[in-house]
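The file structure-v6.txt contains compact mmCIF, C-alpha atoms:
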```
# COMPACT_ATOMS: atom_id res chain seq x y z
CA MET A 1 82.04 60.09 91.51
CA SER A 2 78.82 58.55 92.76
CA HIS A 3 80.71 56.35 95.16
CA ILE A 4 80.86 57.85 98.66
CA HIS A 5 84.52 57.79 99.62
CA LEU A 6 83.80 58.84 103.17
CA PRO A 7 85.79 57.32 105.99
CA ASP A 8 84.19 55.71 109.02
CA GLY A 9 83.04 57.98 111.79
CA VAL A 10 82.22 60.97 109.62
CA LEU A 11 78.58 60.34 108.80
CA PRO A 12 76.04 60.31 111.65
CA VAL A 13 75.11 56.88 112.99
CA TRP A 14 71.39 57.25 112.10
CA LEU A 15 72.33 57.86 108.46
CA TRP A 16 74.67 54.94 107.82
CA ALA A 17 72.58 52.60 109.99
CA SER A 18 69.51 53.50 107.86
CA GLY A 19 71.56 52.67 104.76
CA PHE A 20 72.31 49.20 106.12
CA ILE A 21 68.68 48.60 107.13
CA VAL A 22 67.35 49.54 103.67
CA VAL A 23 69.96 47.39 101.91
CA ILE A 24 69.24 44.37 104.13
CA LEU A 25 65.49 44.77 103.49
CA ILE A 26 65.99 45.00 99.70
CA TRP A 27 68.40 42.02 99.82
CA ALA A 28 65.80 39.93 101.72
CA ILE A 29 63.00 40.91 99.29
CA LEU A 30 65.18 40.08 96.26
CA LEU A 31 66.20 36.71 97.70
CA ARG A 32 62.56 35.84 98.35
CA SER A 33 61.50 36.87 94.87
CA MET A 34 64.23 34.87 93.11
CA LYS A 35 64.21 31.11 92.66
CA LYS A 36 66.93 29.50 94.78
CA GLU A 37 68.24 27.39 91.87
CA ASP A 38 68.33 30.46 89.64
CA LEU A 39 70.33 32.43 92.19
CA THR A 40 72.70 29.50 92.83
CA ARG A 41 73.29 29.14 89.08
CA ARG A 42 73.99 32.83 88.63
CA LEU A 43 76.17 33.35 91.72
CA PRO A 44 79.47 32.68 89.84
CA LEU A 45 78.42 35.22 87.17
CA LEU A 46 77.53 37.70 89.91
CA GLY A 47 80.91 37.09 91.53
CA MET A 48 82.73 37.56 88.24
CA MET A 49 80.96 40.81 87.35
CA ALA A 50 81.50 42.06 90.89
CA ALA A 51 85.21 41.26 90.44
CA VAL A 52 85.24 43.23 87.16
CA MET A 53 83.73 46.21 88.99
CA VAL A 54 86.30 45.90 91.79
CA LEU A 55 89.13 45.89 89.23
CA GLY A 56 87.55 48.86 87.42
CA ALA A 57 87.43 50.76 90.70
CA SER A 58 91.13 50.11 91.26
CA VAL A 59 92.09 51.98 88.06
CA GLU A 60 92.37 55.45 89.52
CA ILE A 61 92.53 58.62 87.40
CA VAL A 62 94.42 60.52 90.11
CA PRO A 63 94.10 64.17 88.95
CA ILE A 64 90.30 64.05 89.23
CA ALA A 65 90.11 61.30 91.92
CA TYR A 66 87.89 59.32 89.55
CA HIS A 67 87.68 55.63 88.78
CA VAL A 68 85.34 53.85 86.44
CA ASN A 69 82.51 52.04 88.23
CA LEU A 70 81.35 49.81 85.33
CA THR A 71 78.04 49.61 87.18
CA VAL A 72 75.88 50.38 84.14
CA ILE A 73 77.49 47.76 81.87
CA SER A 74 77.28 45.27 84.75
CA GLY A 75 73.62 46.23 85.24
CA ILE A 76 72.92 45.67 81.54
CA LEU A 77 74.57 42.24 81.69
CA LEU A 78 73.26 41.12 85.10
CA GLY A 79 69.81 42.68 85.23
CA PRO A 80 68.34 44.93 87.96
CA SER A 81 68.09 42.33 90.76
CA LEU A 82 71.55 40.84 90.46
CA ILE A 83 73.24 44.22 90.04
CA PHE A 84 71.91 45.24 93.45
CA LEU A 85 73.35 42.10 95.06
CA ALA A 86 76.61 42.57 93.14
CA ASN A 87 76.86 46.19 94.33
CA PHE A 88 76.56 45.11 97.95
CA VAL A 89 79.40 42.63 97.47
CA VAL A 90 81.53 45.13 95.51
CA ASN A 91 81.15 47.80 98.16
CA THR A 92 82.03 45.36 100.93
CA ILE A 93 85.25 44.36 99.14
CA LEU A 94 86.07 47.96 98.20
CA ALA A 95 85.58 49.03 101.81
CA LEU A 96 88.19 46.43 102.79
CA PHE A 97 90.60 48.20 100.44
CA GLY A 98 89.88 51.69 101.69
CA HIS A 99 87.37 52.88 99.05
CA GLY A 100 85.13 54.43 101.66
CA GLY A 101 84.55 53.23 105.17
CA ILE A 102 82.98 49.97 106.28
CA THR A 103 80.07 51.82 107.90
CA VAL A 104 79.09 53.45 104.58
CA ILE A 105 78.77 50.15 102.69
CA GLY A 106 74.97 50.35 102.88
CA LEU A 107 74.77 53.91 101.56
CA ASN A 108 77.33 53.17 98.84
CA THR A 109 75.30 50.14 97.77
CA LEU A 110 72.18 52.28 97.48
CA THR A 111 73.83 55.05 95.44
CA LEU A 112 75.62 52.62 93.13
CA SER A 113 72.43 50.60 92.72
CA ILE A 114 70.61 53.72 91.55
CA GLU A 115 73.28 53.86 88.85
CA GLY A 116 73.10 50.17 87.93
CA VAL A 117 69.31 49.73 88.00
CA LEU A 118 68.56 53.08 86.34
CA GLY A 119 71.29 52.40 83.75
CA TYR A 120 69.67 49.05 82.92
CA PHE A 121 66.18 50.51 82.39
CA LEU A 122 67.42 53.61 80.56
CA PHE A 123 69.48 51.44 78.23
CA ARG A 124 66.43 49.30 77.40
CA LEU A 125 64.41 52.46 76.78
CA PHE A 126 67.02 54.19 74.62
CA TRP A 127 67.71 51.01 72.66
CA LYS A 128 63.98 50.72 71.86
CA VAL A 129 63.84 54.36 70.75
CA LEU A 130 67.22 54.87 69.05
CA LYS A 131 68.03 51.33 67.85
CA ARG A 132 71.72 52.28 68.02
CA LEU A 133 73.90 50.70 70.66
CA THR A 134 76.62 53.32 71.24
CA PRO A 135 74.37 56.36 71.85
CA ALA A 136 71.90 54.24 73.85
CA VAL A 137 74.62 53.02 76.22
CA PHE A 138 76.31 56.42 76.45
CA LEU A 139 73.06 58.26 77.29
CA ALA A 140 71.97 55.58 79.76
CA THR A 141 75.32 55.75 81.56
CA PHE A 142 75.52 59.54 81.52
CA ILE A 143 72.00 60.04 82.94
CA ALA A 144 72.34 57.22 85.48
CA LEU A 145 75.60 58.78 86.73
CA ILE A 146 73.99 62.21 87.08
CA PHE A 147 71.28 60.68 89.28
CA SER A 148 73.69 58.67 91.41
CA THR A 149 76.03 61.66 91.86
CA PHE A 150 73.13 63.77 93.11
CA ALA A 151 72.11 60.91 95.37
CA MET A 152 75.66 60.93 96.78
CA ILE A 153 75.52 64.71 97.30
CA GLY A 154 72.14 64.25 99.01
CA VAL A 155 73.62 61.68 101.39
CA VAL A 156 76.61 63.92 102.18
CA SER A 157 74.33 66.91 102.79
CA LEU A 158 72.17 64.90 105.20
CA GLY A 159 75.13 64.73 107.57
CA THR A 160 75.84 68.49 107.60
CA SER A 161 74.95 69.09 111.24
CA HIS A 162 77.14 66.17 112.23
CA TYR A 163 80.18 67.55 110.37
CA GLU A 164 79.68 70.90 112.09
CA GLU A 165 79.72 69.10 115.40
CA LEU A 166 82.98 67.39 114.44
CA ILE A 167 84.53 70.70 113.34
CA HIS A 168 83.70 72.32 116.67
CA GLN A 169 84.79 69.34 118.75
CA GLU A 170 87.91 71.17 119.90
CA ARG A 171 85.71 73.66 121.77
CA GLY A 172 85.66 71.47 124.85
CA LYS A 173 83.42 68.51 124.24
CA GLY A 174 83.96 65.06 125.68
CA ILE A 175 86.19 62.36 124.28
CA VAL A 176 83.37 60.16 123.08
CA GLY A 177 80.19 61.22 121.32
CA PHE A 178 77.69 58.59 120.35
CA GLU A 179 74.21 59.61 119.37
CA PHE A 180 71.64 57.47 117.68
CA GLY A 181 69.22 60.32 117.16
CA LYS A 182 69.58 63.15 114.70
CA GLU A 183 72.38 65.44 115.80
CA LYS A 184 71.47 68.65 117.51
CA GLU A 185 72.11 71.92 115.70
CA GLU A 186 74.64 73.95 117.64
CA HIS A 187 75.20 77.59 117.11
CA HIS A 188 78.26 79.22 118.55
CA PRO A 189 78.13 82.96 118.92
CA GLY A 190 81.57 83.56 117.43
CA GLN A 191 81.16 81.14 114.58
CA THR A 192 82.30 82.65 111.30
CA ALA A 193 81.10 81.60 107.88
CA GLU A 194 84.46 79.88 107.24
CA GLU A 195 84.00 77.59 110.22
CA LYS A 196 80.68 76.27 108.91
CA VAL A 197 80.39 73.22 106.73
CA ASN A 198 80.75 74.43 103.19
CA LEU A 199 78.45 72.22 101.18
CA ARG A 200 78.41 74.64 98.24
CA ARG A 201 82.18 74.41 97.89
CA PHE A 202 81.94 70.63 98.02
CA ILE A 203 79.28 70.61 95.29
CA ALA A 204 81.26 73.14 93.25
CA ILE A 205 84.19 70.71 93.24
CA VAL A 206 82.23 67.49 92.82
CA LEU A 207 80.02 68.54 89.91
CA PRO A 208 82.71 69.71 87.44
CA LEU A 209 84.89 66.69 88.27
CA GLY A 210 81.78 64.52 88.09
CA PHE A 211 80.91 65.91 84.67
CA ILE A 212 84.31 64.80 83.33
CA GLY A 213 83.72 61.44 84.99
CA TRP A 214 80.22 61.03 83.52
CA ILE A 215 81.56 61.64 80.01
CA LEU A 216 84.57 59.34 80.52
CA GLU A 217 82.47 56.55 81.99
CA GLY A 218 79.79 57.05 79.31
CA VAL A 219 82.34 56.73 76.52
CA ILE A 220 84.14 53.76 78.11
CA THR A 221 80.85 51.93 78.81
CA ALA A 222 79.62 52.54 75.25
CA LEU A 223 82.89 51.26 73.80
CA ILE A 224 82.81 48.20 76.07
CA ALA A 225 79.23 47.46 74.94
CA ARG A 226 80.32 47.83 71.30
CA TYR A 227 83.19 45.38 71.90
CA ILE A 228 80.87 42.88 73.59
CA ARG A 229 78.37 43.17 70.75
CA ARG A 230 81.11 42.31 68.25
CA LEU A 231 82.19 39.16 70.10
CA ARG A 232 79.27 37.98 72.26
CA PRO A 233 76.07 39.80 71.18
CA ASP A 234 73.97 37.23 73.06
CA LEU A 235 75.13 38.73 76.39
CA LEU A 236 73.36 42.03 75.69
CA HIS A 237 69.95 40.40 74.91
CA LEU A 238 69.31 42.93 72.16
CA GLU A 239 67.21 40.74 69.86
CA LYS A 240 64.59 40.29 72.56
CA GLU A 241 64.24 44.07 72.87
CA SER A 242 64.12 44.86 69.17
CA GLN A 243 61.23 42.45 68.54
CA MET B 244 94.48 45.49 93.71
CA ILE B 245 97.54 44.00 92.06
CA GLN B 246 98.98 43.55 95.60
CA LEU B 247 96.05 41.32 96.52
CA SER B 248 97.87 38.07 95.75
CA TYR B 249 100.88 39.25 97.78
CA LEU B 250 98.59 40.18 100.68
CA ASP B 251 97.09 36.73 100.51
CA TYR B 252 100.55 35.14 100.35
CA ILE B 253 101.78 36.86 103.53
CA ALA B 254 98.50 36.05 105.32
CA VAL B 255 99.26 32.37 104.76
CA GLU B 256 103.05 32.26 104.93
CA LYS B 257 104.04 34.62 107.77
CA LYS B 258 104.04 33.27 111.31
CA SER B 259 103.64 36.06 113.87
CA PHE B 260 101.49 36.10 117.01
CA LEU B 261 98.75 37.93 115.04
CA HIS B 262 98.84 35.27 112.31
CA ARG B 263 98.32 32.59 114.95
CA LEU B 264 95.44 34.43 116.64
CA SER B 265 91.93 33.09 115.90
CA PRO B 266 90.23 34.80 112.90
CA LYS B 267 87.12 35.25 115.04
CA LEU B 268 89.11 37.28 117.59
CA LYS B 269 90.70 39.38 114.86
CA ILE B 270 87.30 40.17 113.32
CA ILE B 271 85.99 41.14 116.77
CA GLY B 272 89.11 43.31 117.15
CA MET B 273 88.36 44.99 113.81
CA ILE B 274 84.78 45.68 114.95
CA GLY B 275 86.30 47.21 118.10
CA VAL B 276 88.54 49.44 115.96
CA LEU B 277 85.50 50.55 113.95
CA PHE B 278 83.60 51.27 117.15
CA VAL B 279 86.41 53.51 118.36
CA ILE B 280 86.61 55.28 114.97
CA VAL B 281 82.87 55.96 115.00
CA THR B 282 82.62 57.07 118.62
CA VAL B 283 85.90 58.82 119.46
CA ARG B 284 85.93 62.42 118.31
CA ASN B 285 89.19 63.77 119.69
CA LEU B 286 92.66 63.73 118.23
CA PRO B 287 94.60 62.17 121.15
CA GLY B 288 92.19 59.21 121.29
CA LEU B 289 92.48 58.52 117.57
CA LEU B 290 96.23 59.10 117.61
CA LEU B 291 96.55 56.53 120.40
CA LEU B 292 94.54 54.01 118.34
CA TYR B 293 96.72 54.69 115.30
CA VAL B 294 99.92 54.17 117.32
CA ILE B 295 98.54 50.87 118.68
CA LEU B 296 97.66 49.72 115.15
CA LEU B 297 101.09 50.73 113.84
CA THR B 298 102.77 48.86 116.70
CA LEU B 299 100.72 45.77 115.85
CA TYR B 300 101.56 46.22 112.17
CA PHE B 301 105.30 46.20 112.73
CA THR B 302 105.38 43.61 115.51
CA ALA B 303 103.30 41.27 113.31
CA LYS B 304 106.09 41.59 110.72
CA VAL B 305 103.73 42.72 107.98
CA PRO B 306 106.04 43.86 105.14
CA VAL B 307 106.56 47.61 104.68
CA ARG B 308 105.89 47.03 100.96
CA ILE B 309 102.14 46.90 101.57
CA PHE B 310 102.08 49.81 104.00
CA SER B 311 101.19 52.06 101.04
CA LEU B 312 97.80 50.29 100.98
CA THR B 313 96.97 51.94 104.30
CA LEU B 314 97.70 55.40 102.82
CA TYR B 315 95.67 54.89 99.63
CA PRO B 316 92.27 56.06 101.05
CA LEU B 317 93.82 59.47 101.81
CA ILE B 318 93.35 60.35 98.09
CA PHE B 319 89.58 60.31 98.59
CA ALA B 320 89.62 62.01 101.99
CA VAL B 321 91.11 65.11 100.35
CA LEU B 322 87.83 65.78 98.51
CA PHE B 323 85.88 65.66 101.74
CA ILE B 324 88.21 68.14 103.42
CA PHE B 325 86.79 70.87 101.15
CA LEU B 326 83.56 70.55 103.14
CA SER B 327 85.18 71.81 106.30
CA GLY B 328 86.42 75.22 105.24
CA PHE B 329 89.95 73.88 105.83
CA GLN B 330 89.72 73.62 109.61
CA ILE B 331 92.98 72.00 110.71
CA TYR B 332 91.34 70.12 113.58
CA PHE B 333 88.69 68.63 111.30
CA ILE B 334 91.24 67.72 108.62
CA LEU B 335 93.45 65.91 111.16
CA LEU B 336 90.40 64.16 112.61
CA ILE B 337 89.36 62.90 109.16
CA LEU B 338 92.89 61.83 108.24
CA LEU B 339 93.31 59.89 111.49
CA LYS B 340 89.94 58.19 111.08
CA VAL B 341 90.91 57.18 107.54
CA LEU B 342 94.34 55.90 108.61
CA CYS B 343 92.99 53.95 111.59
CA GLY B 344 90.33 52.25 109.45
CA SER B 345 92.66 51.35 106.59
CA THR B 346 95.50 50.17 108.86
CA GLY B 347 93.08 47.98 110.81
CA VAL B 348 91.71 46.39 107.65
CA VAL B 349 95.14 45.83 106.07
CA LEU B 350 96.31 44.28 109.34
CA LEU B 351 93.33 41.91 109.32
CA LEU B 352 93.79 40.92 105.67
CA ALA B 353 97.58 40.54 105.96
CA THR B 354 97.36 38.22 108.97
CA THR B 355 94.26 36.15 108.13
CA PRO B 356 93.84 33.91 105.05
CA TYR B 357 90.64 34.88 103.23
CA PRO B 358 88.91 31.47 103.51
CA SER B 359 89.22 31.84 107.31
CA ILE B 360 87.63 35.30 107.17
CA PHE B 361 84.75 34.05 105.00
CA SER B 362 84.33 30.97 107.17
CA ALA B 363 83.99 33.16 110.28
CA LEU B 364 81.63 35.56 108.50
CA GLY B 365 79.53 32.62 107.25
CA ARG B 366 78.50 31.88 110.83
CA VAL B 367 76.80 35.25 111.26
CA LEU B 368 75.92 36.51 107.76
CA PRO B 369 73.51 35.00 105.16
CA SER B 370 75.18 32.21 103.19
CA SER B 371 74.23 33.70 99.79
CA PHE B 372 76.10 36.89 100.69
CA VAL B 373 79.19 35.08 101.97
CA ILE B 374 79.26 32.81 98.88
CA ALA B 375 78.97 35.86 96.63
CA LEU B 376 81.84 37.49 98.56
CA PHE B 377 83.95 34.35 98.30
CA LEU B 378 83.29 33.93 94.57
CA THR B 379 84.06 37.60 93.92
CA TYR B 380 87.33 37.31 95.81
CA ARG B 381 88.22 34.15 93.87
CA SER B 382 87.21 35.81 90.58
CA ILE B 383 89.52 38.76 91.25
CA PHE B 384 92.49 36.35 91.14
CA ILE B 385 91.23 34.78 87.89
CA LEU B 386 90.75 38.22 86.33
CA LEU B 387 94.15 39.44 87.49
CA THR B 388 95.73 36.66 85.44
CA VAL B 389 93.62 37.65 82.41
CA LEU B 390 94.52 41.29 83.05
CA GLU B 391 98.24 40.52 82.93
CA ASP B 392 97.89 38.98 79.45
CA THR B 393 95.60 41.81 78.38
CA GLN B 394 98.17 44.39 79.50
CA HIS B 395 100.75 42.84 77.18
CA ALA B 396 98.29 42.92 74.27
CA LEU B 397 97.34 46.48 75.19
CA SER B 398 100.92 47.73 75.17
CA LEU B 399 101.46 46.09 71.75
CA ARG B 400 98.50 48.12 70.47
CA GLY B 401 99.89 51.44 71.74
CA GLY B 402 98.79 51.19 75.37
CA ILE B 403 97.63 54.32 77.13
CA GLN B 404 99.14 57.56 75.81
CA TRP B 405 97.90 61.00 76.81
CA LYS B 406 98.89 62.22 73.30
CA HIS B 407 96.26 59.94 71.75
CA PRO B 408 93.27 60.14 74.11
CA TRP B 409 90.72 58.49 71.81
CA ARG B 410 92.99 55.55 71.01
CA SER B 411 93.78 55.20 74.71
CA LEU B 412 90.08 55.21 75.62
CA THR B 413 89.35 52.60 72.95
CA ASN B 414 92.22 50.44 74.20
CA ILE B 415 91.08 50.68 77.84
CA SER B 416 87.49 49.89 76.84
CA ASN B 417 88.50 46.93 74.68
CA ALA B 418 90.63 45.65 77.57
CA PHE B 419 87.65 45.86 79.93
CA GLY B 420 85.39 44.29 77.29
CA HIS B 421 87.88 41.45 76.90
CA LEU B 422 88.06 41.09 80.67
CA ILE B 423 84.25 40.89 80.92
CA ILE B 424 83.90 38.28 78.18
CA GLN B 425 86.74 36.17 79.56
CA GLY B 426 85.25 36.58 83.03
CA ILE B 427 81.79 35.45 81.95
CA ASP B 428 83.28 32.41 80.15
CA ALA B 429 85.31 31.59 83.28
CA SER B 430 82.24 31.98 85.51
CA GLU B 431 80.34 29.43 83.38
CA LYS B 432 83.24 26.97 83.69
CA MET B 433 83.52 27.74 87.41
CA TYR B 434 79.83 26.94 87.96
CA GLU B 435 80.11 23.65 86.04
CA SER B 436 83.13 22.55 88.06
CA MET B 437 81.45 23.59 91.32
CA VAL B 438 78.38 21.51 90.44
CA LEU B 439 80.64 18.55 89.60
CA ARG B 440 82.15 18.90 93.08
CA GLY B 441 78.67 18.81 94.67
CA PHE B 442 77.87 22.52 95.03
CA LYS B 443 74.27 23.00 96.12
CA GLY B 444 74.24 26.60 97.25
CA LYS B 445 76.66 26.29 100.15
CA ILE B 446 80.44 26.36 100.30
CA HIS B 447 82.13 24.26 102.98
CA TYR B 448 85.41 25.54 104.30
CA ARG B 449 88.27 23.34 105.51
CA GLY B 450 87.81 22.43 109.17
CA GLU B 451 84.01 22.78 109.14
```
Is it possible to give me this structure as structure tokens?
Amino acid sequence: MSHIHLPDGVLPVWLWASGFIVVILIWAILLRSMKKEDLTRRLPLLGMMAAVMVLGASVEIVPIAYHVNLTVISGILLGPSLIFLANFVVNTILALFGHGGITVIGLNTLTLSIEGVLGYFLFRLFWKVLKRLTPAVFLATFIALIFSTFAMIGVVSLGTSHYEELIHQERGKGIVGFEFGKEKEEHHPGQTAEEKVNLRRFIAIVLPLGFIGWILEGVITALIARYIRRLRPDLLHLEKESQ
Amino acid sequence: MIQLSYLDYIAVEKKSFLHRLSPKLKIIGMIGVLFVIVTVRNLPGLLLLYVILLTLYFTAKVPVRIFSLTLYPLIFAVLFIFLSGFQIYFILLILLKVLCGSTGVVLLLATTPYPSIFSALGRVLPSSFVIALFLTYRSIFILLTVLEDTQHALSLRGGIQWKHPWRSLTNISNAFGHLIIQGIDASEKMYESMVLRGFKGKIHYRGE
């Protein structure tokens, strides 16, 4: 639910362009802070986990338009720096398959990275406190998803004035509208409440569906972690944390 | 995602005028399509773009079988329509923008082999990003093979049944867990074989 499935041309240019700028800046900082050999060695792992996330995203639960992201489990396995890079790659590939537009890759990377990075740190925290894997992973995933869903709602709400402009386009505006600045608020005298952008309705739909999604993803991530612990406990680096 | 290998197959095997066109030109064309989607805000303009893309789709002999890929993003657009207060004009605008974007992308992927796309992107984007993209794309194919075997094992263990939600969830999670472990093992082998072939942080494409 935290993934912005918005098509191209719906969000204002300043918003999606800012998303790209922030992502490029973070990418550059991360690349500078990582050793080149270390990154080169871990690129195949990054690619593989990104592929797992892409496959997870392709398993659609149609009635609630939800798919598992697997961002938190990938964050736990990859660490906070690599999960950001992996998210950028995942969103680029998903955009090529219609999971949101190409222009929203930057914003999608940021919202999914909130999930992955927060999930990583919350898992470490809950593991230290609870010392039990399943509840630690479930809580980390659930809370991280709440944050990323609200981040997504925040992004959607930032474009409100732009959507209103699109809705009222039929009232005699030009063919092409291209504004780099923040869109002007336009008030039409005969505008009824129904013609306005209904953000409340959007939130009222997203949050209940999201809640089901948070629980589903939390349970699936916890069960995946339990499976990994049974077969390859070294991947979770739990011993290091419990010392 | 399962259609990915088929998409790749037709990108290599089919021989239409779009297949023969330079990947660089097709990527520029896709950027042009995106520019139109972002800037044009009226229905006739977007409808014209969609008709052009459909004409290209069918003249490039891209199989109808993968046309459903261009309709897939409509599932997500439905959620966004609730924002508008069900204004017909807005709904049609969103649907056309979605269809133009997805048809353009499917057209690009179905007529251009992916190494050519990555090779062209590698000239303008950072190499670490393009390598990560390439390795992810490659890994999807590896995981799809693992997934096929896993699906058989999954169905032998009861598969996914709405009557038994907990068992289904456990099965799905175990399948993903299996996929992750197999994937990590494969990534270690992939790195070793890449190093043996002289990989030092850059991938060279054929013709470079």
Could I get the residues of stretch 345-421 of chain B with an atom no further than 10 Å from an atom of stretch 311-317 of chain B, each paired with its nearest atom pair and that distance in Å to one decimal, using all atoms listed in the file, sorted by chain and residue number, as JSON lines?
```
{"residue": "B:Ser345", "atom": "CA", "partner": "B:Thr313", "partner_atom": "CA", "distance": 4.9}
{"residue": "B:Thr346", "atom": "CA", "partner": "B:Thr313", "partner_atom": "CA", "distance": 5.1}
{"residue": "B:Gly347", "atom": "CA", "partner": "B:Thr313", "partner_atom": "CA", "distance": 8.6}
{"residue": "B:Val348", "atom": "CA", "partner": "B:Thr313", "partner_atom": "CA", "distance": 8.3}
{"residue": "B:Val349", "atom": "CA", "partner": "B:Thr313", "partner_atom": "CA", "distance": 6.6}
{"residue": "B:Leu350", "atom": "CA", "partner": "B:Thr313", "partner_atom": "CA", "distance": 9.2}
```
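Near (81.9, 37.3, 94.2), the residues inside the 10 Å limit, counting all atoms listed in the file, come to Leu43, Pro44, Leu45, Leu46, Gly47, Met48, Met49, Ala50, Ala51, Val52, Val54, Leu85, Ala86, Val89, Val90 and Ile93 of chain A; Phe372, Val373, Ile374, Ala375, Leu376, Phe377, Leu378, Thr379, Tyr380, Arg381, Ser382 and Ile383 of chain B.
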Kindly save the residues from that selection, with C-alpha atoms included, as an mmCIF file, in the frame of the given file.
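What ended up in selection31.cif:
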```
data_model
loop_
_atom_site.group_PDB
_atom_site.id
_atom_site.type_symbol
_atom_site.label_atom_id
_atom_site.label_comp_id
_atom_site.auth_asym_id
_atom_site.auth_seq_id
_atom_site.Cartn_x
_atom_site.Cartn_y
_atom_site.Cartn_z
ATOM 1 C CA LEU A 43 76.170 33.350 91.720
ATOM 2 C CA PRO A 44 79.470 32.680 89.840
ATOM 3 C CA LEU A 45 78.420 35.220 87.170
ATOM 4 C CA LEU A 46 77.530 37.700 89.910
ATOM 5 C CA GLY A 47 80.910 37.090 91.530
ATOM 6 C CA MET A 48 82.730 37.560 88.240
ATOM 7 C CA MET A 49 80.960 40.810 87.350
ATOM 8 C CA ALA A 50 81.500 42.060 90.890
ATOM 9 C CA ALA A 51 85.210 41.260 90.440
ATOM 10 C CA VAL A 52 85.240 43.230 87.160
ATOM 11 C CA VAL A 54 86.300 45.900 91.790
ATOM 12 C CA LEU A 85 73.350 42.100 95.060
ATOM 13 C CA ALA A 86 76.610 42.570 93.140
ATOM 14 C CA VAL A 89 79.400 42.630 97.470
ATOM 15 C CA VAL A 90 81.530 45.130 95.510
ATOM 16 C CA ILE A 93 85.250 44.360 99.140
ATOM 17 C CA PHE B 372 76.100 36.890 100.690
ATOM 18 C CA VAL B 373 79.190 35.080 101.970
ATOM 19 C CA ILE B 374 79.260 32.810 98.880
ATOM 20 C CA ALA B 375 78.970 35.860 96.630
ATOM 21 C CA LEU B 376 81.840 37.490 98.560
ATOM 22 C CA PHE B 377 83.950 34.350 98.300
ATOM 23 C CA LEU B 378 83.290 33.930 94.570
ATOM 24 C CA THR B 379 84.060 37.600 93.920
ATOM 25 C CA TYR B 380 87.330 37.310 95.810
ATOM 26 C CA ARG B 381 88.220 34.150 93.870
ATOM 27 C CA SER B 382 87.210 35.810 90.580
ATOM 28 C CA ILE B 383 89.520 38.760 91.250
#
```
Smallest atom-to-atom distance to B:Gly344: which of B:Val276, B:Thr302, B:Ile331, B:Gln404, using only C-alpha atoms?
B:Val276
Could you list, as a list of chain:residue names, every residue within 7 Å of B:Leu261, counting all atoms listed in the file and ignoring same-chain residues fewer than 2 positions away?
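So, after excluding close chain neighbours, the residues are B:Ser259, B:Arg263, B:Leu264, B:Ala303, B:Thr354.
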Got time to write the residues from that selection, C-alpha atoms, as a short mmCIF file (atom, residue, chain, number, x, y, z; two decimals), keeping the file's coordinate frame?
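Written out: again.cif:
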```
data_model
loop_
_atom_site.label_atom_id
_atom_site.label_comp_id
_atom_site.auth_asym_id
_atom_site.auth_seq_id
_atom_site.Cartn_x
_atom_site.Cartn_y
_atom_site.Cartn_z
CA SER B 259 103.64 36.06 113.87
CA ARG B 263 98.32 32.59 114.95
CA LEU B 264 95.44 34.43 116.64
CA ALA B 303 103.30 41.27 113.31
CA THR B 354 97.36 38.22 108.97
#
```
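Of the listed residues A:Leu122, A:Met152, A:Leu207, A:Leu231, the one whose atoms come nearest to chain B is A:Leu231, with distances taken using only C-alpha atoms.
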Would you please work out which residue, of B:Gly420, B:Pro369, B:Pro287, B:Gly275, is nearest to chain A when using only C-alpha atoms?
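Using only C-alpha atoms, the shortest distance to chain A belongs to B:Gly420.
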For atom CA of A:Leu112 and atom CA of A:Asn69, the interatomic separation in Å (one decimal)
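Atom CA of A:Asn69 lies 8.5 Å from atom CA of A:Leu112.
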Option closest in space to A:Ser81, from A:Leu209, A:Ile114, A:Leu238, A:Leu130 [counting all atoms listed in the file]
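Using all atoms listed in the file, the shortest distance to A:Ser81 belongs to A:Ile114.
Distance-wise, atom CA of A:Ala225 and atom CA of B:Leu397 end up 18.1 Å apart.
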Could you list, as an MDAnalysis selection string, every residue within 9 Å of B:Val305, counting all atoms listed in the file and ignoring same-chain residues fewer than 3 positions away?
chainID B and resid 253:254 257 259 299:302 308:310 350 353:354
The distance between atom CA of B:Ser265 and atom CA of B:Ala363 is 9.7 Å
Could you tell me, as an MDAnalysis selection string, which residues have any atom at most 8 Å from (74.3, 59.0, 89.2), counting only C-alpha atoms?
chainID A and resid 2 111:112 114:115 142:152
Nearest residue to chain B from the set A:Ile26, A:Val129, A:Ile105, A:Leu70 (distances using all atoms listed in the file):
A:Leu70
For A:Ile21, which residue out of A:Ile205, A:Gly106, A:Thr134, A:Thr141 is the nearest one, using only C-alpha atoms?
A:Gly106
Mind checking which residues fall within 7 Å of A:Leu11, counting only C-alpha atoms, ignoring those fewer than 2 positions away in the same chain, and posting them as number ranges by chain?
A: 9, 13, 15-16, 159, 162
